[in-house]
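Have a look at the structure below before the remarks.
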Amino acid sequence: MTNSIGEIRDADLVFVIGSNTTEAHPIIAMEMKRAALRGAKLIVADPRATWLAGFADIHLRLWPGTDVALLSAMAHVILDEGLHDRAFVEQQTEGFEQVRDAVAEWTPERAEAICGVPAADIRAAARAYATTRRAGIYYTLGITEHTHGTDNVYCLSNLVLLTGHLGVRSAGLNPLRGQNNVQGANDAGASPIFLPGYQRVADPSVRAKFSAAWGAEVPETPGKNLNEMMHDLRHGAIRGMFVMGEDILVSEPDVAGLDAALPGLEALVVVDLFLTETAKRADVVLPAAAFAEKDGTFTNSERRVQRVRAAVPPPGDARPDWQIVSALLQRAGVDPVAGKAADAVVPSDIYAELAGLCDKFAGIDHARIEAEGGLQWPCPLPNHPGTPTLHEGGPMRGKGLLVPVQYRGSIETPDADYPLLMSTGRTLYHYNVATQTRREPGIVARQSACFVEVHAEDADALGLRDGGRCEVATRRGSIEAAVRVTPRVQKGMIWLPMHFAEARANLLTIDAGDIVTGTAEYKVCAARVRPLPEPAAG
Amino acid sequence: MPDDDHRPPSAAPAASPDAALPAAGATALQLVVDGEVVQAQPGETLLDVARRRGVIVPTLCHDDRLHPTGACRMCLVESSDSRRLVPACRHPVAEGLQVQTDSERVQRHRRALLALYQADQPEAVVPGSELDRWMRRYGVAAGVPALENQRQGRPDDDNAFIRFQPERCILCARCTRYCDEVEAVAAIGIGHRGPQTTVVTAEMRGLLDTSCELCGGCVDTCPTGALVENKALPRQMELADLPTVRTTCGYCGVGCQMDLTVDREKGEIVRVASPPPGTTTNDGNLCVKGRFATGYVGHRDRLTTPLVRDHATGELVPTDWETALDRATASLRGVAARHGAHALGFISSSRATNEENYLVQKLARAAFGTNNCHQCAAT
């Protein structure tokens with residue numbers, strides 16, 4: 001996030017796109033609802049009538065995968081009506097002409113034909129966004145989990161830069177992080193192209209710095225991203241995996257292909273809380289501690305580094321991951337923390353080594369967080385207060401880059417054999433593959449099993465009954481689920497949650513990724529649904 | 001909705017460190033509080049001014065996140081613009097006002113009011129609750145006979161998380177206003193009349209059959225313990241004596257701060273609550289997962305010992321840490337030796353800490369010589 005969660009309630013306009021905030025980030029949604037109740041304008045762009053859409057002044061109900069058309073038309077309106085911030089564009093951005101040309105033909109009427117949103121609503125949303133200063137954009141995986149996810153993000157950043165809504169309180173461009181520490185995992189260098197602190201592996205001076213600090217050479221060969229690793233695993237180029245805290249056999253796309261490839265692995269080491277589907281296939285399973293059983297830090301969506309504290313002991317012989325990885329480092333002859341005996345290392349030492357190698361976090365340490373509470377990076381010095389709002393003195397890269405984008409359709413769209421568009425997502429009551437939430441009986445009482453949302457007209461045509469059983473099939477596989485007939489989805493689309501291991505949505509999803517980031521297409525593929533006979537009574 | 005709007009300034013400290021001070025630029029007023037001249041801004045309430053000066057005015061129905069209603073009468077003070085005592089939480093400041101927050105008359109009122117609340121509580125007040133704290137501070141006038149409490153609960157509500165104990169309710173409406181104004185799902189309200197007045201749902205249904213999202217914010221804001229987590233209910237009277245540990249939620253990326261009440265002897269999390277409003281990013285709020293879905297932590301399915309695959313039987317069998325760690329290292333090394341370091345992949349976790357992610361990428365790069373390292377949320 002360029003801005004902070006606490007700024008949302010002072011916003012005059014909140015534009016939420018591709019984020020089911022009330023279910024995936026309930027606490028941020030509370031702030032959005034408070035802003036809306038106070039009189040802020042709320043614009044929600046989502047194919048589904050989400051709970052938050054019920055609060056919206058304008059619900060832009062686009063067809064899944066057509067975000068670029070919608071957003072290009074919004075940019076078109078802003079430029080056509082001269083609502084852009086001319087001074088900001090001139091002084092703080094580059095690439096204006098290319099973007100102007102790219103959106104020139106994207107009239108709201110043309111976009112309406114593709115995305116299904118009435119042209120008048122596109123105009124109203126564009127005008128409101130452009131003419132409100134404290135106007136923030138919030139997005140999540142509905143933007144990024146597409147083969148054109150990077151294009152979607154560029155479209156959003158173009159809107160921000162054209163209107164100068166950057167470096168302003170309650171404005172900016174705000175991706176909401178899904179997991180508690182997505183931000184921190186990236187910050188700490190769990191990335192094939194970045195060492196900690198977003199320092200590029202490709203840069204020889206960066207490699208030299210880390211090699212010297214670690215007493216071991218940082219390899220030069222670029223790493224593979226997760227999507228590429230999963231590909232290579234399927235094709236036999238990856239032969240050994242270390243997997244910490246992910247059930248790849250449930251959460252990765254096209255899991256059937258992955259399942260078939262696992263016997264080809266010569267080494268599979270899994271660190272987890274439970275014997276997950278992936279752990280069941282491992283050579284070595286190492287039992288880890290849960291968040292309430294260990295010390296360390298998480299970094300939230302607004303870049304705030306906060307403490308995690310051990311409240312209860314781990315069960316049996318389970319150990320915190322940091323102890324497990326320290327022991328593996330030690331066996332490989334690398335000090336977990338340079339200059340400190342491996343047995344004496346504690347999490348604050350590890351953070352100190354990380355922060356010492358990264359200007360962005362150099363002013364942060366455990367003791368300071370204890371004394372002051374969470375700190376938002378960049379925080380380069382011990383007396384620096386942290387940074388709630390980014391780009392306050394102008395774009396950090398010097399000039400904000402406007403990037404022209406061309407609309408491309410999704411890679412697999414409905415056809416005669418698979419006539420429905422299938423999208424996947426999350427619900428309030430479960431978390432990802434639900435290894436944790438399905439172990440809470442009160443949660444299971446609320447939502448116990450997989451369901452698929454179907455529009456009433458499609459249900460009638462297919463002979464589906466609300467509450468009945470059905471089979472959902474794609475070119476990859478099929479699952480069974482309960483039918484939920486609901487106006488939340490549009491005619492011609494279905495939606496299902498990805499939480500349920502016995503009905504893995506990722507048996508259905510397509511193994512295709514964004515060309516830049518590799519982020520998988522979980523939001524659009526083609527499917528068909530047929531009713532299943534009711535189980536015999538008794 | 002109240003007819004006047006004295007919403008306090010937004011209170012997230014990180015976002016607005018000066019939230020407690022009057023906004024710059026507006027014309028200041030002067031009034032006299034407990035004999036001292038103080039500055040205030042139009043639109044502020046007597047409670048705002050008192051709190052800024054560190055003067056304690058007791059409240060029960062007040063929550064900084066909600067429109068003040070003045071329902072509980074706990075915050076009544078003397079003000080020169082009224083012959084009657086006025087609720088500080090919603091009485092606006094005015095030029096030249098003379099205010100007494102702790103006069104004999106105010107103190108007498110507080111003791112009498114608390115005695116009425118006491119009479120309406122058939123059992124002992126929940127230790128550590130706001131009502132308990134004010135009773136301890138101001139004492140309770142003697143001699144008010146116990147009232148016959150006729151408020152109904154929802155005995156058939158089978159939701160697993162939130163329990164309403166009507167006998168402990170003082171009808172301050174904090175829970176219902178929270179449900180309207182913050183969580184904004186309007187699942188509960190105040191209903192019925194006279195001595196039957198109580199907290200209701202539509203047709204007194206269980207919460208699972210309402211718009212309730214089970215966030216439990218009603219429990220956190222309740223000043224008496226009438227609303228309580230089911231799990232903590234058997235230990236409600238001892239909760240205040242158990243230690244708490246401040247930590248960060250392990251679910252989504254909001255980073256809510258939470259206070260875990262723990263039983264150290266049993267190694268159990270007894271309850272999860274938010275720190276007070278205005279002190280952390282989550283502003284006193286939590287969601288159903290953060291507050292209630294921690295049962296996995298102590299679940300019987302947890303792995304408690306390392307496992308290695310027995311090549312003879314093909315089964316995973318328990319072993320000790322030394323054996324498991326040696327085997328893990330040897331198997332990954334073997335792959336690197338046979339196929340090169342690029343044949344290894346390391347998946348780190350967006351659920352793990354910064355420190356743990358740092359060590360995993362160090363393991364991939366420094367120990368095994370590959371940049372094939374990514375976190376699980378990258379797909």
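How things are named: the first chain in the structure tokens is A, the next is B, and so on; residues count from 1 in each chain; ligands count from 1 in the order shown.
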
Among segment 430-526 of chain A, which residues carry a DSSP assignment of strand (DSSP E or B), reported as a list in words?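 The strand (DSSP E or B) subset of segment 430-526 of chain A is Phe451, Val452, Glu453, Val454, Arg469, Cys470, Glu471, Val472, Ala473, Ser478, Ile479, Glu480, Ala481, Ala482, Val483, Arg484, Val485, Met493, Ile494, Trp495, Leu496, Pro497, Gly513, Ala520, Cys525 and Ala526 of chain A.
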
Excluding Asp156 of chain B and its own-chain neighbours fewer than 3 positions away, which residues fall within 9 Å of it when counting only C-alpha atoms? Please give them as a list in words.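 Listing them by chain and then by number gives Gly153, Arg205 and Gly206 of chain B.
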
Test item, alpha helix (DSSP H) assignment across segment 86-178 of chain A, answer as a PyMOL selection string: chain A and resi 86-92+96-103+108-115+119-130+141-144+149-163

Here is a test: counting only C-alpha atoms, which residue of B:Cys75, B:Leu131, B:Ile170, B:Ala184 is nearest to Gln150 of chain B? B:Ile170

Neighbouring residues of Asp263 of chain B were defined as those with any atom within 8 Å, considering only C-alpha atoms; residues of the same chain fewer than 5 positions away were excluded. Please report them as a VMD selection string. chain B and resid 242 to 243 268 to 270

Store the residues picked out above in a file with all heavy atoms, as a compact mmCIF listing (two decimals), in the first residue's frame.
```
# COMPACT_ATOMS: atom_id res chain seq x y z
N LEU B 242 -5.86 -13.66 34.44
CA LEU B 242 -4.96 -14.44 33.57
C LEU B 242 -4.06 -13.49 32.78
O LEU B 242 -4.45 -12.38 32.45
CB LEU B 242 -5.78 -15.31 32.60
CG LEU B 242 -6.58 -16.45 33.26
CD1 LEU B 242 -7.47 -17.12 32.22
CD2 LEU B 242 -5.64 -17.47 33.89
N PRO B 243 -2.83 -13.94 32.47
CA PRO B 243 -1.92 -13.07 31.72
C PRO B 243 -2.38 -12.92 30.26
O PRO B 243 -3.06 -13.78 29.72
CB PRO B 243 -0.59 -13.83 31.78
CG PRO B 243 -0.94 -15.25 32.04
CD PRO B 243 -2.23 -15.23 32.82
N GLU B 268 -2.88 -22.96 26.99
CA GLU B 268 -4.10 -22.75 26.21
C GLU B 268 -4.35 -21.28 25.95
O GLU B 268 -4.11 -20.44 26.82
CB GLU B 268 -5.30 -23.24 27.04
CG GLU B 268 -5.92 -24.52 26.57
CD GLU B 268 -7.07 -24.89 27.49
OE1 GLU B 268 -7.81 -23.99 27.99
OE2 GLU B 268 -7.24 -26.09 27.71
N ILE B 269 -4.89 -20.98 24.77
CA ILE B 269 -5.40 -19.64 24.51
C ILE B 269 -6.85 -19.63 24.95
O ILE B 269 -7.68 -20.35 24.42
CB ILE B 269 -5.30 -19.29 23.01
CG1 ILE B 269 -3.84 -19.35 22.55
CG2 ILE B 269 -5.88 -17.90 22.75
CD1 ILE B 269 -3.66 -19.27 21.04
N VAL B 270 -7.18 -18.82 25.97
CA VAL B 270 -8.52 -18.81 26.54
C VAL B 270 -9.43 -17.86 25.77
O VAL B 270 -10.59 -18.13 25.53
CB VAL B 270 -8.49 -18.41 28.03
CG1 VAL B 270 -9.90 -18.41 28.63
CG2 VAL B 270 -7.58 -19.36 28.81
```

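Across the model, the gap from atom CA of Leu428 of chain A to atom CA of Thr22 of chain A is 7.4 Å.
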
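Taking atom CA of Gln152 of chain B and atom CA of Cys169 of chain B as the two end points, the separation is 10.2 Å.
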
Quick one: everything within 8 Å of Ala256 of chain A, counting only C-alpha atoms, minus sequence neighbours fewer than 5 positions away in the same chain. Send it as a PDB file with all heavy atoms, in the first residue's frame.
```pdb
ATOM      1  N   ARG A 476      -9.422 -29.527 -17.141  1.00  0.00           N
ATOM      2  CA  ARG A 476      -8.424 -30.134 -16.260  1.00  0.00           C
ATOM      3  C   ARG A 476      -8.996 -31.232 -15.368  1.00  0.00           C
ATOM      4  O   ARG A 476      -8.300 -32.172 -15.010  1.00  0.00           O
ATOM      5  CB  ARG A 476      -7.774 -29.069 -15.351  1.00  0.00           C
ATOM      6  CG  ARG A 476      -6.579 -28.334 -15.910  1.00  0.00           C
ATOM      7  CD  ARG A 476      -6.935 -27.380 -17.025  1.00  0.00           C
ATOM      8  NE  ARG A 476      -7.942 -26.406 -16.615  1.00  0.00           N
ATOM      9  CZ  ARG A 476      -8.576 -25.614 -17.473  1.00  0.00           C
ATOM     10  NH1 ARG A 476      -8.339 -25.676 -18.773  1.00  0.00           N
ATOM     11  NH2 ARG A 476      -9.472 -24.757 -17.036  1.00  0.00           N
ATOM     12  N   GLY A 477     -10.240 -31.079 -14.964  1.00  0.00           N
ATOM     13  CA  GLY A 477     -10.766 -32.043 -14.010  1.00  0.00           C
ATOM     14  C   GLY A 477     -12.162 -31.670 -13.575  1.00  0.00           C
ATOM     15  O   GLY A 477     -12.795 -30.776 -14.151  1.00  0.00           O
ATOM     16  N   LEU A 507      -8.262 -28.205  -8.970  1.00  0.00           N
ATOM     17  CA  LEU A 507      -8.310 -29.275  -9.966  1.00  0.00           C
ATOM     18  C   LEU A 507      -8.891 -28.724 -11.270  1.00  0.00           C
ATOM     19  O   LEU A 507      -8.748 -29.322 -12.330  1.00  0.00           O
ATOM     20  CB  LEU A 507      -9.192 -30.432  -9.474  1.00  0.00           C
ATOM     21  CG  LEU A 507      -8.571 -31.325  -8.392  1.00  0.00           C
ATOM     22  CD1 LEU A 507      -9.637 -32.204  -7.766  1.00  0.00           C
ATOM     23  CD2 LEU A 507      -7.464 -32.180  -8.983  1.00  0.00           C
TER      24      LEU A 507
END
```

Please report the interatomic distance between atom CA of Pro108 of chain A and atom CA of His76 of chain A in Å with one decimal.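 For atom CA of Pro108 of chain A relative to atom CA of His76 of chain A, the distance reads 7.8 Å.
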
Neighbour list for segment 186-197 of chain A as a PyMOL selection string, cut-off 7 Å, only C-alpha atoms, skip fewer than 4 positions in-chain: (chain A and resi 182+201+222-225+358+360) or (chain B and resi 348+354+357-358+361+371-375)

Which neighbours of His339 of chain B fall inside 9 Å, counting only C-alpha atoms, when residues of the same chain fewer than 6 positions from it are skipped, and could you give them as a PDB file with N, CA and C atoms, in the first residue's frame?
```pdb
ATOM      1  N   ALA A 237      12.594 -30.875 -14.388  1.00  0.00           N
ATOM      2  CA  ALA A 237      13.804 -30.056 -14.255  1.00  0.00           C
ATOM      3  C   ALA A 237      14.080 -29.693 -12.797  1.00  0.00           C
ATOM      4  N   ILE A 238      13.033 -29.705 -11.977  1.00  0.00           N
ATOM      5  CA  ILE A 238      13.217 -29.539 -10.521  1.00  0.00           C
ATOM      6  C   ILE A 238      13.143 -30.942  -9.915  1.00  0.00           C
ATOM      7  N   ARG A 239      14.166 -31.319  -9.149  1.00  0.00           N
ATOM      8  CA  ARG A 239      14.231 -32.683  -8.600  1.00  0.00           C
ATOM      9  C   ARG A 239      14.189 -32.716  -7.070  1.00  0.00           C
TER      10      ARG A 239
END
```

Can you list, as an MDAnalysis selection string, every protein, DNA or RNA residue that comes within 6 Å of segment 60-66 of chain A when you count only C-alpha atoms, leaving out same-chain residues fewer than 5 positions away? chainID A and resid 45:47 115:117 410

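With only C-alpha atoms as the basis for measurement, A:Phe291 is the residue among A:Phe291, A:Trp377, A:Phe500, A:Phe15 that approaches chain B most closely.
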
Using only C-alpha atoms, can you tell me which of B:Gly35, B:Gly225, B:Pro122, B:Pro68 comes closest to Thr101 of chain B?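 Among B:Gly35, B:Gly225, B:Pro122, B:Pro68, it is B:Gly35 that comes nearest to Thr101 of chain B.
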